[in-house]
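Asker: Just so it is clear, I am handing over input.cif, which has mmCIF, C-alpha atoms.
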```cif
data_start
#
loop_
_atom_site.label_atom_id
_atom_site.label_comp_id
_atom_site.auth_asym_id
_atom_site.auth_seq_id
_atom_site.Cartn_x
_atom_site.Cartn_y
_atom_site.Cartn_z
CA MET F 1186 21.35 0.03 7.68
CA LYS F 1187 18.90 2.89 8.16
CA LYS F 1188 15.68 2.13 10.03
CA VAL F 1189 12.47 3.55 8.58
CA THR F 1190 8.86 3.26 9.69
CA ILE F 1191 6.17 3.32 7.02
CA TYR F 1192 2.39 3.49 7.29
CA THR F 1193 0.20 2.94 4.23
CA ASP F 1194 -3.46 2.93 3.25
CA GLY F 1195 -5.63 2.87 0.15
CA ALA F 1196 -9.22 3.83 -0.52
CA CYS F 1197 -11.87 3.71 -3.23
CA SER F 1198 -15.16 5.57 -3.43
CA VAL F 1199 -16.72 2.56 -5.18
CA ASN F 1200 -14.97 -0.69 -5.97
CA PRO F 1201 -13.88 -0.42 -8.76
CA GLY F 1202 -13.83 3.33 -9.20
CA PRO F 1203 -11.84 6.41 -8.27
CA GLY F 1204 -9.17 5.54 -5.72
CA GLY F 1205 -6.45 7.09 -3.65
CA TRP F 1206 -3.45 5.98 -1.68
CA GLY F 1207 -1.56 7.58 1.19
CA CYS F 1208 1.62 6.88 3.10
CA VAL F 1209 3.67 8.32 5.92
CA LEU F 1210 7.41 7.68 6.15
CA ILE F 1211 9.22 8.27 9.44
CA TYR F 1212 13.01 8.46 9.70
CA ASN F 1213 14.93 10.09 12.56
CA ASN F 1214 11.66 11.55 13.89
CA ILE F 1215 11.04 13.31 10.57
CA GLU F 1216 7.68 12.53 8.99
CA LYS F 1217 6.96 12.84 5.28
CA GLU F 1218 3.55 12.30 3.70
CA PHE F 1219 2.74 11.26 0.15
CA SER F 1220 -0.50 10.53 -1.65
CA GLY F 1221 -1.85 9.91 -5.12
CA PHE F 1222 -4.90 9.11 -7.18
CA GLU F 1223 -6.06 6.69 -9.89
CA ASN F 1224 -9.31 7.12 -11.75
CA ASN F 1225 -10.43 3.53 -12.31
CA THR F 1226 -9.04 1.13 -9.76
CA THR F 1227 -9.85 -1.07 -6.77
CA ASN F 1228 -9.28 -0.77 -3.05
CA ASN F 1229 -6.76 -3.63 -3.11
CA ARG F 1230 -4.79 -1.97 -5.91
CA MET F 1231 -4.67 1.26 -3.93
CA GLU F 1232 -3.47 -0.59 -0.80
CA LEU F 1233 -0.70 -2.15 -2.89
CA MET F 1234 0.13 1.14 -4.61
CA ALA F 1235 0.58 2.86 -1.25
CA VAL F 1236 3.21 0.27 -0.32
CA ILE F 1237 4.96 0.60 -3.71
CA LYS F 1238 5.04 4.39 -3.59
CA ALA F 1239 6.33 4.40 -0.01
CA LEU F 1240 9.09 1.85 -0.62
CA GLY F 1241 9.97 3.66 -3.85
CA LYS F 1242 10.90 6.75 -1.82
CA LEU F 1243 13.76 4.91 -0.09
CA LYS F 1244 17.07 5.80 -1.73
CA GLU F 1245 19.13 2.97 -0.26
CA PRO F 1246 18.53 -0.42 1.35
CA CYS F 1247 16.73 0.04 4.67
CA GLU F 1248 15.28 -1.90 7.56
CA VAL F 1249 11.58 -1.11 7.35
CA ASP F 1250 8.72 -1.53 9.80
CA LEU F 1251 5.72 -1.34 7.48
CA TYR F 1252 2.24 -0.91 8.97
CA SER F 1253 -0.92 -1.51 6.97
CA ASP F 1254 -4.56 -2.17 7.79
CA SER F 1255 -4.73 -4.48 4.75
CA ALA F 1256 -4.81 -8.14 5.74
CA TYR F 1257 -4.45 -8.84 1.99
CA ILE F 1258 -0.97 -7.33 2.01
CA VAL F 1259 0.29 -8.27 5.46
CA ASN F 1260 -0.86 -11.89 5.20
CA ALA F 1261 0.74 -12.25 1.78
CA PHE F 1262 4.10 -11.86 3.51
CA LYS F 1263 3.54 -13.09 7.05
CA GLN F 1264 1.76 -16.24 5.85
CA HIS F 1265 4.16 -16.63 2.89
CA TRP F 1266 1.47 -16.49 0.21
CA ILE F 1267 3.85 -14.54 -2.01
CA ASP F 1268 6.48 -17.29 -1.77
CA ASP F 1269 3.86 -19.86 -2.76
CA TRP F 1270 2.62 -17.70 -5.65
CA ARG F 1271 6.15 -17.22 -6.93
CA ALA F 1272 6.86 -20.98 -6.65
CA ARG F 1273 3.70 -21.69 -8.68
CA GLU F 1274 4.69 -19.13 -11.33
CA TRP F 1275 2.37 -16.48 -9.87
CA ARG F 1276 -0.66 -18.71 -9.56
CA THR F 1277 -2.91 -19.18 -6.54
CA ALA F 1278 -3.46 -22.54 -4.83
CA ASP F 1279 -6.43 -23.14 -7.13
CA LYS F 1280 -4.17 -22.44 -10.15
CA LYS F 1281 -5.74 -19.07 -11.04
CA PRO F 1282 -3.49 -16.13 -11.92
CA VAL F 1283 -2.66 -13.92 -8.94
CA LYS F 1284 -4.75 -10.75 -9.06
CA ASN F 1285 -2.81 -7.48 -9.22
CA LEU F 1286 0.26 -9.39 -10.37
CA ASP F 1287 2.00 -6.28 -11.71
CA LEU F 1288 1.87 -4.65 -8.28
CA TRP F 1289 2.78 -7.77 -6.31
CA GLN F 1290 5.86 -8.23 -8.47
CA GLN F 1291 6.96 -4.64 -7.79
CA ILE F 1292 6.61 -5.18 -4.05
CA ASP F 1293 8.43 -8.50 -4.36
CA GLU F 1294 11.36 -6.63 -5.93
CA PHE F 1295 11.44 -4.20 -3.00
CA THR F 1296 11.63 -7.14 -0.57
CA ARG F 1297 14.91 -8.11 -2.20
CA LYS F 1298 16.36 -4.64 -1.60
CA HIS F 1299 14.99 -3.89 1.87
CA THR F 1300 14.48 -5.86 5.06
CA ILE F 1301 10.76 -5.41 5.66
CA TYR F 1302 8.84 -6.31 8.80
CA TRP F 1303 5.09 -6.40 8.08
CA HIS F 1304 2.63 -5.25 10.74
CA LYS F 1305 -1.16 -5.38 10.63
CA VAL F 1306 -2.94 -2.47 12.29
CA LYS F 1307 -6.65 -2.14 12.89
CA GLY F 1308 -8.15 0.22 10.35
CA HIS F 1309 -10.24 3.22 11.34
CA SER F 1310 -9.14 2.86 14.95
CA THR F 1311 -6.82 4.79 17.25
CA ASP F 1312 -3.57 4.53 15.27
CA LYS F 1313 -2.83 8.15 14.34
CA TYR F 1314 -0.59 7.29 11.40
CA ASN F 1315 -3.01 4.78 9.91
CA ASN F 1316 -5.75 7.36 10.29
CA ARG F 1317 -3.56 9.97 8.60
CA CYS F 1318 -2.87 7.63 5.66
CA ASP F 1319 -6.60 6.97 5.38
CA ALA F 1320 -7.27 10.73 5.35
CA LEU F 1321 -4.62 11.25 2.65
CA ALA F 1322 -6.07 8.47 0.46
CA ARG F 1323 -9.67 9.61 0.93
CA GLY F 1324 -8.62 13.21 0.34
CA GLU F 1325 -7.31 12.25 -3.09
CA VAL F 1326 -10.66 10.64 -3.96
CA ASP F 1327 -12.64 13.57 -2.54
CA ASN F 1328 -10.57 16.07 -4.55
CA PHE F 1329 -11.28 14.15 -7.73
CA LEU F 1330 -15.00 13.85 -7.02
CA ASN F 1331 -15.26 17.56 -6.10
CA ASN F 1332 -13.44 18.56 -9.29
CA GLN F 1333 -15.82 16.36 -11.31
CA LYS F 1334 -18.82 18.09 -9.77
CA GLN F 1335 -17.36 21.49 -10.60
CA ASP F 1336 -16.85 20.42 -14.23
CA GLU F 1337 -20.49 19.41 -14.62
#
```
Have the structure of the file written as structure tokens, please.

Answerer:
Amino acid sequence: MKKVTIYTDGACSVNPGPGGWGCVLIYNNIEKEFSGFENNTTNNRMELMAVIKALGKLKEPCEVDLYSDSAYIVNAFKQHWIDDWRAREWRTADKKPVKNLDLWQQIDEFTRKHTIYWHKVKGHSTDKYNNRCDALARGEVDNFLNNQKQDE
């Protein structure tokens, strides 16, 4: 099974508002970067979208070390929240529907295809790949905001 390292990050200018996501995939010392934008979204949705877009790039089942600065995402897997949500028919412990259900279910599907090891990294720190993902995500938002200003 191929081993891949993935870094992800998401950003929003206001929450909710324009948002971006970024990811870096590393395989055999080759790095590939991807990023994207959504007009009306939240930071958490962009964090989740970065994971979905990164895992969606994998063409076959892989062993993945996935790094994120989102405790929301990492804890969902390391503390088994997602298993509990699934067991409760995608409801939280207080019986409310899980937020961002559409995205969580996509990630859940990827966990069936790939072996994923989840790692929490400190955001806006010294991790060069996390910082690069942050720059990619923020760059998407900045591009949108700059284009809006030019259209005014």

Asker: Please provide as a PDB file with C-alpha atoms, in the coordinates of the input all residues within 9 Å of Cys1208 (chain F), with the sequence filter that same-chain residues fewer than 6 positions apart are discarded (counting all atoms listed in the file).

Answerer:
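Printed below is around22.pdb as written:
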```pdb
ATOM      1  CA  ILE F1191       6.170   3.320   7.020  1.00  0.00           C
ATOM      2  CA  TYR F1192       2.390   3.490   7.290  1.00  0.00           C
ATOM      3  CA  THR F1193       0.200   2.940   4.230  1.00  0.00           C
ATOM      4  CA  ASP F1194      -3.460   2.930   3.250  1.00  0.00           C
ATOM      5  CA  GLY F1195      -5.630   2.870   0.150  1.00  0.00           C
ATOM      6  CA  LYS F1217       6.960  12.840   5.280  1.00  0.00           C
ATOM      7  CA  GLU F1218       3.550  12.300   3.700  1.00  0.00           C
ATOM      8  CA  PHE F1219       2.740  11.260   0.150  1.00  0.00           C
ATOM      9  CA  SER F1220      -0.500  10.530  -1.650  1.00  0.00           C
ATOM     10  CA  ALA F1235       0.580   2.860  -1.250  1.00  0.00           C
ATOM     11  CA  VAL F1236       3.210   0.270  -0.320  1.00  0.00           C
ATOM     12  CA  LYS F1238       5.040   4.390  -3.590  1.00  0.00           C
ATOM     13  CA  ALA F1239       6.330   4.400  -0.010  1.00  0.00           C
ATOM     14  CA  TYR F1314      -0.590   7.290  11.400  1.00  0.00           C
ATOM     15  CA  ASN F1315      -3.010   4.780   9.910  1.00  0.00           C
ATOM     16  CA  ARG F1317      -3.560   9.970   8.600  1.00  0.00           C
ATOM     17  CA  CYS F1318      -2.870   7.630   5.660  1.00  0.00           C
ATOM     18  CA  ASP F1319      -6.600   6.970   5.380  1.00  0.00           C
ATOM     19  CA  LEU F1321      -4.620  11.250   2.650  1.00  0.00           C
ATOM     20  CA  ALA F1322      -6.070   8.470   0.460  1.00  0.00           C
TER      21      ALA F1322
END
```

Asker: Need to verify the contact set: region 1260-1275 of chain F, 7 Å, all atoms listed in the file, exclusion of same-chain residues closer than 6 positions in sequence. Can you return it as a list in words?

Answerer: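 The contact residues come out as Pro1282, Val1283 and Trp1303 of chain F.
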
Asker: Excluding Ser1255 (chain F) and residues on its chain fewer than 3 positions from it, collect all residues at most 9 Å away from it, counting all atoms listed in the file, and give them as a PyMOL selection string.

Answerer: chain F and resi 1193-1195+1229+1232-1233+1252+1258-1260+1305-1308

Asker: What is the CA of Asp1254 (chain F)-CA of Lys1280 (chain F) distance in Å, reported with one decimal?

Answerer: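 CA of Asp1254 (chain F) sits 27.1 Å away from CA of Lys1280 (chain F).
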
Asker: Quick one: residues within 8 Å of Lys1188 (chain F), all atoms listed in the file, excluding same-chain residues fewer than 3 positions away - as a PyMOL selection string?

Answerer: chain F and resi 1212+1247-1250

Asker: Determine the nearest neighbour of Ile1211 (chain F) from the options F:Ala1196, F:Met1231, F:Leu1251, F:Ala1320, counting all atoms listed in the file.

Answerer: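 Result for the nearest residue to Ile1211 (chain F): F:Leu1251.
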
Asker: So how far away is CA of Thr1300 (chain F) from CA of Gly1207 (chain F), in Å?

Answerer: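 Rounded to one decimal, the two atoms are 21.3 Å apart.
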
Asker: When you look at Pro1203 (chain F) with a cut-off of 10 Å (counting all atoms listed in the file), what residues show up, excluding the ones that are within fewer than 2 positions of it in the same chain? I need them as an MDAnalysis selection string.

Answerer: chainID F and resid 1196:1201 1205 1222:1228 1231 1323 1325:1327 1329:1330

Asker: Would you mind telling me which residue in F:Asp1336, F:Glu1245, F:Glu1216, F:Asp1279 lies nearest to Phe1295 (chain F) when using only C-alpha atoms?

Answerer: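 Closest to Phe1295 (chain F), using only C-alpha atoms: F:Glu1245.
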
Asker: Go through F:Leu1286, F:Leu1240, F:Ala1256, F:Met1234 and flag the residue nearest Trp1206 (chain F), using all atoms listed in the file for the distances.

Answerer: F:Met1234

Asker: Return the single residue from F:Asp1293, F:Gly1241, F:Gly1204, F:Val1209 that is closest to Asn1316 (chain F), with distances computed using only C-alpha atoms.

Answerer: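 Among the listed residues, F:Val1209 lies closest to Asn1316 (chain F).
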
Asker: One number please: CA of Ile1292 (chain F) to CA of Thr1277 (chain F), in Å, one decimal.

Answerer: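 These atoms are spaced 17.1 Å apart.
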
Asker: Build an axis-aligned box that encloses every atom of region 1266-1281 of chain F listed in the file, pad it by 3 Å on each side, and report its centre and edge lengths in Å to one decimal, as lines of an AutoDock Vina configuration file.

Answerer:
```
center_x = 0.2
center_y = -18.8
center_z = -5.6
size_x = 19.3
size_y = 14.6
size_z = 17.5
```

Asker: Just so I have it separately, write region 1295-1335 of chain F from the block I sent, keeping N, CA and C atoms, as a compact mmCIF listing (two decimals), in the first residue's frame.

Answerer:
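Done, and the output landed in selection.txt:
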```txt
# COMPACT_ATOMS: atom_id res chain seq x y z
N PHE F 1295 -14.13 8.02 2.84
CA PHE F 1295 -12.69 7.90 2.56
C PHE F 1295 -12.00 7.03 3.61
N THR F 1296 -12.49 7.05 4.86
CA THR F 1296 -11.85 6.24 5.90
C THR F 1296 -12.07 4.75 5.65
N ARG F 1297 -13.04 4.41 4.85
CA ARG F 1297 -13.27 3.01 4.50
C ARG F 1297 -12.33 2.55 3.38
N LYS F 1298 -11.86 3.50 2.59
CA LYS F 1298 -10.97 3.18 1.46
C LYS F 1298 -9.50 3.24 1.86
N HIS F 1299 -9.16 4.21 2.69
CA HIS F 1299 -7.77 4.45 3.06
C HIS F 1299 -7.54 4.18 4.54
N THR F 1300 -6.31 3.84 4.89
CA THR F 1300 -5.91 3.77 6.29
C THR F 1300 -5.35 5.14 6.64
N ILE F 1301 -6.05 5.87 7.51
CA ILE F 1301 -5.69 7.25 7.80
C ILE F 1301 -5.27 7.40 9.25
N TYR F 1302 -4.09 7.99 9.44
CA TYR F 1302 -3.59 8.31 10.76
C TYR F 1302 -3.71 9.83 10.91
N TRP F 1303 -4.45 10.27 11.90
CA TRP F 1303 -4.78 11.68 12.10
C TRP F 1303 -3.79 12.32 13.05
N HIS F 1304 -3.25 13.47 12.67
CA HIS F 1304 -2.25 14.17 13.48
C HIS F 1304 -2.67 15.63 13.62
N LYS F 1305 -2.65 16.10 14.86
CA LYS F 1305 -2.94 17.51 15.14
C LYS F 1305 -1.63 18.28 15.15
N VAL F 1306 -1.58 19.37 14.38
CA VAL F 1306 -0.41 20.25 14.40
C VAL F 1306 -0.86 21.61 14.91
N LYS F 1307 0.06 22.32 15.49
CA LYS F 1307 -0.24 23.65 16.00
C LYS F 1307 -0.32 24.61 14.81
N GLY F 1308 -1.45 25.31 14.71
CA GLY F 1308 -1.64 26.25 13.62
C GLY F 1308 -0.80 27.50 13.79
N HIS F 1309 -0.45 28.10 12.65
CA HIS F 1309 0.30 29.36 12.63
C HIS F 1309 1.56 29.26 13.49
N SER F 1310 2.27 28.16 13.33
CA SER F 1310 3.48 27.91 14.12
C SER F 1310 4.66 27.69 13.17
N THR F 1311 5.46 26.69 13.47
CA THR F 1311 6.69 26.49 12.70
C THR F 1311 6.58 25.35 11.68
N ASP F 1312 5.42 24.74 11.55
CA ASP F 1312 5.28 23.64 10.60
C ASP F 1312 5.14 24.21 9.18
N LYS F 1313 6.16 23.99 8.36
CA LYS F 1313 6.18 24.64 7.04
C LYS F 1313 5.02 24.21 6.15
N TYR F 1314 4.60 22.95 6.25
CA TYR F 1314 3.51 22.50 5.39
C TYR F 1314 2.16 23.03 5.87
N ASN F 1315 1.97 23.08 7.18
CA ASN F 1315 0.74 23.69 7.69
C ASN F 1315 0.68 25.17 7.30
N ASN F 1316 1.80 25.83 7.41
CA ASN F 1316 1.85 27.24 7.02
C ASN F 1316 1.58 27.41 5.52
N ARG F 1317 2.08 26.49 4.72
CA ARG F 1317 1.83 26.57 3.28
C ARG F 1317 0.35 26.36 2.98
N CYS F 1318 -0.28 25.41 3.64
CA CYS F 1318 -1.72 25.17 3.44
C CYS F 1318 -2.52 26.41 3.85
N ASP F 1319 -2.12 27.02 4.97
CA ASP F 1319 -2.78 28.24 5.42
C ASP F 1319 -2.64 29.33 4.36
N ALA F 1320 -1.44 29.47 3.79
CA ALA F 1320 -1.21 30.49 2.76
C ALA F 1320 -2.06 30.20 1.51
N LEU F 1321 -2.17 28.94 1.14
CA LEU F 1321 -3.00 28.58 -0.02
C LEU F 1321 -4.47 28.94 0.24
N ALA F 1322 -4.96 28.57 1.41
CA ALA F 1322 -6.37 28.83 1.75
C ALA F 1322 -6.64 30.34 1.81
N ARG F 1323 -5.78 31.06 2.50
CA ARG F 1323 -5.95 32.52 2.61
C ARG F 1323 -5.77 33.20 1.26
N GLY F 1324 -4.89 32.66 0.42
CA GLY F 1324 -4.70 33.20 -0.91
C GLY F 1324 -5.97 33.13 -1.74
N GLU F 1325 -6.71 32.04 -1.60
CA GLU F 1325 -7.98 31.90 -2.31
C GLU F 1325 -8.97 32.99 -1.87
N VAL F 1326 -9.04 33.23 -0.56
CA VAL F 1326 -9.94 34.26 -0.04
C VAL F 1326 -9.48 35.65 -0.50
N ASP F 1327 -8.18 35.90 -0.40
CA ASP F 1327 -7.64 37.20 -0.81
C ASP F 1327 -7.91 37.47 -2.29
N ASN F 1328 -7.73 36.45 -3.13
CA ASN F 1328 -8.01 36.61 -4.57
C ASN F 1328 -9.46 37.01 -4.80
N PHE F 1329 -10.36 36.35 -4.10
CA PHE F 1329 -11.78 36.67 -4.24
C PHE F 1329 -12.05 38.11 -3.79
N LEU F 1330 -11.54 38.47 -2.63
CA LEU F 1330 -11.80 39.82 -2.10
C LEU F 1330 -11.19 40.89 -3.00
N ASN F 1331 -9.99 40.64 -3.54
CA ASN F 1331 -9.36 41.60 -4.45
C ASN F 1331 -10.15 41.74 -5.74
N ASN F 1332 -10.65 40.63 -6.25
CA ASN F 1332 -11.48 40.67 -7.48
C ASN F 1332 -12.79 41.43 -7.23
N GLN F 1333 -13.34 41.26 -6.02
CA GLN F 1333 -14.57 42.00 -5.69
C GLN F 1333 -14.32 43.50 -5.68
N LYS F 1334 -13.20 43.90 -5.09
CA LYS F 1334 -12.85 45.32 -5.04
C LYS F 1334 -12.68 45.90 -6.44
N GLN F 1335 -12.07 45.11 -7.33
CA GLN F 1335 -11.86 45.58 -8.70
C GLN F 1335 -13.17 45.72 -9.45
```
